[in-house]
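Q: Below you'll find start18.txt; it's compact mmCIF, N, CA and C atoms.
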# COMPACT_ATOMS: atom_id res chain seq x y z
N MET A 1 31.24 -0.86 -1.20
CA MET A 1 30.27 -0.44 -2.16
C MET A 1 29.25 0.49 -1.48
N ARG A 2 28.94 1.56 -2.14
CA ARG A 2 28.04 2.56 -1.59
C ARG A 2 26.59 2.24 -1.96
N LYS A 3 25.71 2.32 -0.98
CA LYS A 3 24.29 2.06 -1.24
C LYS A 3 23.65 3.31 -1.81
N HIS A 4 22.81 3.10 -2.80
CA HIS A 4 22.06 4.20 -3.39
C HIS A 4 20.65 4.17 -2.83
N THR A 5 20.18 5.30 -2.43
CA THR A 5 18.80 5.39 -1.94
C THR A 5 18.04 6.37 -2.81
N ILE A 6 16.77 6.11 -2.93
CA ILE A 6 15.91 7.00 -3.69
C ILE A 6 15.37 8.06 -2.75
N LYS A 7 15.59 9.30 -3.11
CA LYS A 7 15.05 10.39 -2.29
C LYS A 7 13.64 10.69 -2.78
N ARG A 8 12.74 10.66 -1.87
CA ARG A 8 11.35 10.96 -2.21
C ARG A 8 10.98 12.30 -1.59
N ASN A 9 10.39 13.12 -2.43
CA ASN A 9 9.92 14.41 -1.97
C ASN A 9 8.59 14.18 -1.25
N LYS A 10 8.60 14.24 0.03
CA LYS A 10 7.41 13.93 0.82
C LYS A 10 6.58 15.19 1.03
N VAL A 11 5.62 15.34 0.16
CA VAL A 11 4.71 16.47 0.26
C VAL A 11 3.44 15.96 0.94
N LYS A 12 3.13 16.49 2.07
CA LYS A 12 1.95 16.08 2.81
C LYS A 12 0.81 17.05 2.53
N LYS A 13 -0.01 16.69 1.56
CA LYS A 13 -1.19 17.47 1.24
C LYS A 13 -2.41 16.61 1.55
N PRO A 14 -3.47 17.22 2.01
CA PRO A 14 -4.67 16.43 2.26
C PRO A 14 -5.20 15.84 0.95
N PHE A 15 -5.60 14.58 1.01
CA PHE A 15 -6.16 13.91 -0.17
C PHE A 15 -7.62 14.31 -0.26
N ARG A 16 -7.96 15.11 -1.25
CA ARG A 16 -9.27 15.73 -1.31
C ARG A 16 -10.31 14.95 -2.10
N PHE A 17 -9.96 13.77 -2.58
CA PHE A 17 -10.87 13.02 -3.43
C PHE A 17 -11.64 11.98 -2.63
N LYS A 18 -12.93 11.85 -2.95
CA LYS A 18 -13.81 10.91 -2.25
C LYS A 18 -13.88 9.61 -3.03
N LYS A 19 -13.88 8.51 -2.30
CA LYS A 19 -14.02 7.19 -2.91
C LYS A 19 -15.49 6.96 -3.25
N LEU A 20 -15.74 6.25 -4.37
CA LEU A 20 -17.11 5.88 -4.72
C LEU A 20 -17.71 5.03 -3.59
N LYS A 21 -18.91 5.34 -3.20
CA LYS A 21 -19.56 4.57 -2.13
C LYS A 21 -20.22 3.31 -2.66
N THR A 22 -20.70 3.37 -3.89
CA THR A 22 -21.33 2.21 -4.53
C THR A 22 -20.78 2.06 -5.93
N ASP A 23 -20.85 0.86 -6.47
CA ASP A 23 -20.41 0.63 -7.85
C ASP A 23 -21.32 1.39 -8.81
N LEU A 24 -20.75 1.85 -9.92
CA LEU A 24 -21.53 2.46 -10.99
C LEU A 24 -21.75 1.41 -12.07
N HIS A 25 -22.98 1.33 -12.58
CA HIS A 25 -23.32 0.39 -13.64
C HIS A 25 -23.88 1.18 -14.82
N TRP A 26 -23.50 0.81 -16.05
CA TRP A 26 -24.06 1.43 -17.23
C TRP A 26 -23.85 0.52 -18.42
N LEU A 27 -24.59 0.80 -19.49
CA LEU A 27 -24.39 0.10 -20.75
C LEU A 27 -23.39 0.90 -21.56
N ASP A 28 -22.36 0.25 -22.06
CA ASP A 28 -21.29 0.93 -22.78
C ASP A 28 -21.31 0.54 -24.26
N ALA A 29 -20.83 1.44 -25.09
CA ALA A 29 -20.75 1.18 -26.52
C ALA A 29 -19.72 0.09 -26.81
N VAL A 30 -19.98 -0.71 -27.83
CA VAL A 30 -19.07 -1.75 -28.28
C VAL A 30 -18.87 -1.57 -29.77
N SER A 31 -17.63 -1.72 -30.23
CA SER A 31 -17.37 -1.59 -31.66
C SER A 31 -16.55 -2.78 -32.14
N ASP A 32 -16.60 -3.00 -33.44
CA ASP A 32 -15.82 -4.06 -34.06
C ASP A 32 -15.43 -3.57 -35.45
N SER A 33 -14.15 -3.54 -35.74
CA SER A 33 -13.70 -3.02 -37.03
C SER A 33 -13.48 -4.13 -38.06
N GLY A 34 -13.74 -5.37 -37.67
CA GLY A 34 -13.56 -6.50 -38.60
C GLY A 34 -14.85 -6.80 -39.35
N TRP A 35 -14.78 -7.82 -40.20
CA TRP A 35 -15.96 -8.26 -40.95
C TRP A 35 -16.82 -9.14 -40.05
N LEU A 36 -18.14 -8.89 -40.08
CA LEU A 36 -19.08 -9.64 -39.25
C LEU A 36 -20.15 -10.29 -40.12
N SER A 37 -20.56 -11.48 -39.71
CA SER A 37 -21.67 -12.16 -40.39
C SER A 37 -22.98 -11.55 -39.93
N GLU A 38 -24.06 -11.91 -40.63
CA GLU A 38 -25.38 -11.43 -40.19
C GLU A 38 -25.69 -11.93 -38.78
N GLU A 39 -25.29 -13.16 -38.48
CA GLU A 39 -25.52 -13.71 -37.14
C GLU A 39 -24.78 -12.89 -36.09
N ASP A 40 -23.51 -12.53 -36.39
CA ASP A 40 -22.75 -11.68 -35.47
C ASP A 40 -23.41 -10.32 -35.30
N MET A 41 -23.90 -9.77 -36.40
CA MET A 41 -24.58 -8.47 -36.34
C MET A 41 -25.85 -8.57 -35.49
N ASP A 42 -26.60 -9.65 -35.65
CA ASP A 42 -27.83 -9.85 -34.87
C ASP A 42 -27.53 -9.97 -33.38
N ASN A 43 -26.36 -10.49 -33.05
CA ASN A 43 -25.99 -10.70 -31.64
C ASN A 43 -25.29 -9.50 -31.00
N GLN A 44 -25.11 -8.42 -31.72
CA GLN A 44 -24.46 -7.23 -31.17
C GLN A 44 -25.34 -6.62 -30.08
N LYS A 45 -24.71 -6.23 -28.96
CA LYS A 45 -25.42 -5.56 -27.88
C LYS A 45 -24.41 -4.75 -27.08
N PRO A 46 -24.88 -3.75 -26.32
CA PRO A 46 -23.96 -2.96 -25.49
C PRO A 46 -23.33 -3.83 -24.40
N ALA A 47 -22.18 -3.40 -23.92
CA ALA A 47 -21.50 -4.10 -22.84
C ALA A 47 -22.02 -3.62 -21.49
N ASP A 48 -22.15 -4.54 -20.55
CA ASP A 48 -22.50 -4.18 -19.17
C ASP A 48 -21.21 -3.73 -18.49
N ALA A 49 -21.12 -2.47 -18.19
CA ALA A 49 -19.90 -1.92 -17.59
C ALA A 49 -20.13 -1.62 -16.11
N ILE A 50 -19.06 -1.81 -15.33
CA ILE A 50 -19.13 -1.55 -13.89
C ILE A 50 -17.84 -0.86 -13.47
N CYS A 51 -17.95 0.19 -12.68
CA CYS A 51 -16.80 0.85 -12.06
C CYS A 51 -16.91 0.67 -10.56
N SER A 52 -15.83 0.22 -9.95
CA SER A 52 -15.80 0.10 -8.50
C SER A 52 -14.40 0.44 -8.02
N GLN A 53 -14.26 0.64 -6.73
CA GLN A 53 -12.95 0.94 -6.14
C GLN A 53 -12.27 2.11 -6.84
N MET A 54 -13.02 3.17 -7.09
CA MET A 54 -12.47 4.34 -7.76
C MET A 54 -12.75 5.58 -6.92
N TRP A 55 -12.01 6.64 -7.22
CA TRP A 55 -12.20 7.92 -6.56
C TRP A 55 -12.82 8.89 -7.55
N ILE A 56 -13.60 9.81 -7.02
CA ILE A 56 -14.24 10.84 -7.85
C ILE A 56 -13.28 12.01 -7.98
N TYR A 57 -12.88 12.31 -9.22
CA TYR A 57 -12.03 13.47 -9.47
C TYR A 57 -12.90 14.72 -9.59
N LYS A 58 -13.94 14.62 -10.42
CA LYS A 58 -14.88 15.74 -10.54
C LYS A 58 -16.22 15.21 -11.03
N GLU A 59 -17.23 16.00 -10.76
CA GLU A 59 -18.59 15.61 -11.14
C GLU A 59 -19.41 16.86 -11.38
N ASP A 60 -20.23 16.83 -12.43
CA ASP A 60 -21.18 17.91 -12.68
C ASP A 60 -22.49 17.29 -13.17
N ASP A 61 -23.39 18.11 -13.67
CA ASP A 61 -24.70 17.61 -14.10
C ASP A 61 -24.62 16.66 -15.29
N LYS A 62 -23.56 16.78 -16.11
CA LYS A 62 -23.47 16.00 -17.35
C LYS A 62 -22.57 14.78 -17.28
N SER A 63 -21.56 14.79 -16.41
CA SER A 63 -20.62 13.67 -16.38
C SER A 63 -19.94 13.53 -15.02
N ILE A 64 -19.27 12.39 -14.86
CA ILE A 64 -18.46 12.14 -13.68
C ILE A 64 -17.10 11.62 -14.16
N THR A 65 -16.02 12.14 -13.60
CA THR A 65 -14.66 11.70 -13.94
C THR A 65 -14.08 10.99 -12.73
N LEU A 66 -13.62 9.75 -12.97
CA LEU A 66 -13.11 8.89 -11.91
C LEU A 66 -11.67 8.48 -12.19
N PHE A 67 -10.96 8.06 -11.14
CA PHE A 67 -9.63 7.47 -11.34
C PHE A 67 -9.48 6.30 -10.38
N GLY A 68 -8.69 5.31 -10.80
CA GLY A 68 -8.53 4.10 -10.02
C GLY A 68 -7.20 3.99 -9.31
N THR A 69 -6.20 4.70 -9.80
CA THR A 69 -4.87 4.68 -9.18
C THR A 69 -4.30 6.09 -9.18
N TYR A 70 -3.37 6.32 -8.28
CA TYR A 70 -2.69 7.61 -8.24
C TYR A 70 -1.30 7.42 -7.64
N SER A 71 -0.44 8.37 -7.93
CA SER A 71 0.91 8.38 -7.35
C SER A 71 1.43 9.81 -7.35
N TYR A 72 2.56 9.98 -6.70
CA TYR A 72 3.20 11.29 -6.67
C TYR A 72 4.52 11.19 -7.43
N ASP A 73 4.79 12.18 -8.29
CA ASP A 73 6.04 12.17 -9.03
C ASP A 73 7.19 12.64 -8.13
N ASP A 74 8.39 12.75 -8.70
CA ASP A 74 9.58 13.12 -7.93
C ASP A 74 9.47 14.49 -7.26
N LYS A 75 8.62 15.34 -7.82
CA LYS A 75 8.46 16.68 -7.26
C LYS A 75 7.25 16.77 -6.32
N GLY A 76 6.63 15.63 -6.06
CA GLY A 76 5.49 15.62 -5.15
C GLY A 76 4.17 15.96 -5.81
N LYS A 77 4.16 16.04 -7.14
CA LYS A 77 2.94 16.38 -7.87
C LYS A 77 2.10 15.11 -8.08
N LEU A 78 0.80 15.22 -7.85
CA LEU A 78 -0.12 14.11 -7.95
C LEU A 78 -0.38 13.74 -9.41
N GLU A 79 -0.33 12.43 -9.72
CA GLU A 79 -0.61 11.93 -11.06
C GLU A 79 -1.71 10.87 -10.95
N PHE A 80 -2.52 10.71 -12.01
CA PHE A 80 -3.67 9.81 -11.99
C PHE A 80 -3.57 8.75 -13.07
N GLY A 81 -4.09 7.56 -12.77
CA GLY A 81 -4.17 6.47 -13.74
C GLY A 81 -5.56 5.87 -13.73
N GLU A 82 -5.83 5.06 -14.74
CA GLU A 82 -7.14 4.41 -14.88
C GLU A 82 -8.26 5.45 -14.84
N VAL A 83 -8.14 6.46 -15.66
CA VAL A 83 -9.10 7.58 -15.68
C VAL A 83 -10.23 7.28 -16.66
N ILE A 84 -11.44 7.56 -16.22
CA ILE A 84 -12.61 7.39 -17.09
C ILE A 84 -13.60 8.53 -16.81
N THR A 85 -14.16 9.09 -17.87
CA THR A 85 -15.23 10.08 -17.75
C THR A 85 -16.49 9.46 -18.34
N ILE A 86 -17.53 9.40 -17.52
CA ILE A 86 -18.78 8.72 -17.91
C ILE A 86 -19.90 9.76 -18.01
N PRO A 87 -20.60 9.83 -19.14
CA PRO A 87 -21.76 10.72 -19.22
C PRO A 87 -22.82 10.27 -18.22
N LYS A 88 -23.43 11.21 -17.53
CA LYS A 88 -24.44 10.88 -16.52
C LYS A 88 -25.65 10.17 -17.13
N ILE A 89 -25.94 10.47 -18.38
CA ILE A 89 -27.09 9.85 -19.03
C ILE A 89 -26.88 8.33 -19.18
N TRP A 90 -25.62 7.87 -19.13
CA TRP A 90 -25.31 6.44 -19.23
C TRP A 90 -25.48 5.71 -17.91
N ILE A 91 -25.46 6.45 -16.81
CA ILE A 91 -25.48 5.81 -15.49
C ILE A 91 -26.92 5.64 -15.02
Show me this structure written as structure tokens.
A:
Amino acid sequence: MRKHTIKRNKVKKPFRFKKLKTDLHWLDAVSDSGWLSEEDMDNQKPADAICSQMWIYKEDDKSITLFGTYSYDDKGKLEFGEVITIPKIWI
């Protein structure tokens, strides 16, 4: 029986993204599409959100875009997962 091996295109490019040095904290919007009682409505509040262990993809005066995972496809092209763009006014 012949063994099959996966050929990986090994593209050695410098990883240009910087890891977050500190966790980001912000208040995030929360929504609910169901029926709520007055008590539920009174208890509505923003969520305490935290981002950690992420890399900075890009940043400008208005927002920061982060990613938490990455991989290379069969052609050696970089792909990103766990992507979030946060308005700076929220941080």
Q: Suppose you want the space between atom CA of Lys19 of chain A and atom C of Lys75 of chain A; what is it in Å?
A: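 Rounded to one decimal, the two atoms are 23.6 Å apart.
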Q: In Å, how far is it from atom CA of Leu66 of chain A to atom CA of Lys13 of chain A?
A: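 So the two atoms, atom CA of Leu66 of chain A and atom CA of Lys13 of chain A, lie 19.7 Å apart.
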Q: Name the closest residue to Thr85 of chain A among the candidates A:Met41, A:Ala49, A:Leu36, A:Ile64; distances are taken between atoms, counting only C-alpha atoms.
A: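 The closest residue to Thr85 of chain A is A:Ile64.
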Q: Take atom C of Lys21 of chain A and atom N of Phe80 of chain A and report the distance between them in Å, one decimal.
A: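 If I compute the distance from atom C of Lys21 of chain A to atom N of Phe80 of chain A, I get 21.3 Å.
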Q: Smallest atom-to-atom distance to Ile89 of chain A: which of A:Ser63, A:Gln44, A:Ser37, A:Thr69, using only N, CA and C atoms?
A: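 Of A:Ser63, A:Gln44, A:Ser37, A:Thr69, the one nearest Ile89 of chain A, counting only N, CA and C atoms, is A:Ser63.
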Q: Where in chain A does DSSP assign helix (DSSP H, G or I), given as an mmCIF file with N, CA and C atoms, in the coordinates of the input?
A:
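File produced: selection35.cif:
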data_model
loop_
_atom_site.group_PDB
_atom_site.id
_atom_site.type_symbol
_atom_site.label_atom_id
_atom_site.label_comp_id
_atom_site.auth_asym_id
_atom_site.auth_seq_id
_atom_site.Cartn_x
_atom_site.Cartn_y
_atom_site.Cartn_z
ATOM 1 N N GLU A 38 -24.060 -11.910 -40.630
ATOM 2 C CA GLU A 38 -25.380 -11.430 -40.190
ATOM 3 C C GLU A 38 -25.690 -11.930 -38.780
ATOM 4 N N GLU A 39 -25.290 -13.160 -38.480
ATOM 5 C CA GLU A 39 -25.520 -13.710 -37.140
ATOM 6 C C GLU A 39 -24.780 -12.890 -36.090
ATOM 7 N N ASP A 40 -23.510 -12.530 -36.390
ATOM 8 C CA ASP A 40 -22.750 -11.680 -35.470
ATOM 9 C C ASP A 40 -23.410 -10.320 -35.300
ATOM 10 N N MET A 41 -23.900 -9.770 -36.400
ATOM 11 C CA MET A 41 -24.580 -8.470 -36.340
ATOM 12 C C MET A 41 -25.850 -8.570 -35.490
ATOM 13 N N ASP A 42 -26.600 -9.650 -35.650
ATOM 14 C CA ASP A 42 -27.830 -9.850 -34.870
ATOM 15 C C ASP A 42 -27.530 -9.970 -33.380
ATOM 16 N N LYS A 88 -23.430 11.210 -17.530
ATOM 17 C CA LYS A 88 -24.440 10.880 -16.520
ATOM 18 C C LYS A 88 -25.650 10.170 -17.130
ATOM 19 N N ILE A 89 -25.940 10.470 -18.380
ATOM 20 C CA ILE A 89 -27.090 9.850 -19.030
ATOM 21 C C ILE A 89 -26.880 8.330 -19.180
ATOM 22 N N TRP A 90 -25.620 7.870 -19.130
ATOM 23 C CA TRP A 90 -25.310 6.440 -19.230
ATOM 24 C C TRP A 90 -25.480 5.710 -17.910
#
Q: Dig up all the protein and nucleic acid residues within 10 Å of (-15.0, -0.3, -10.2) in the file frame, using only C-alpha atoms, and format them as a VMD selection string.
A: chain A and resid 20 22 to 25 49 to 55 66 to 68
Q: Residues around (-21.8, 16.2, -21.7), cut-off 8 Å, counting all atoms listed in the file - what are they as a count of residues only?
A: 7
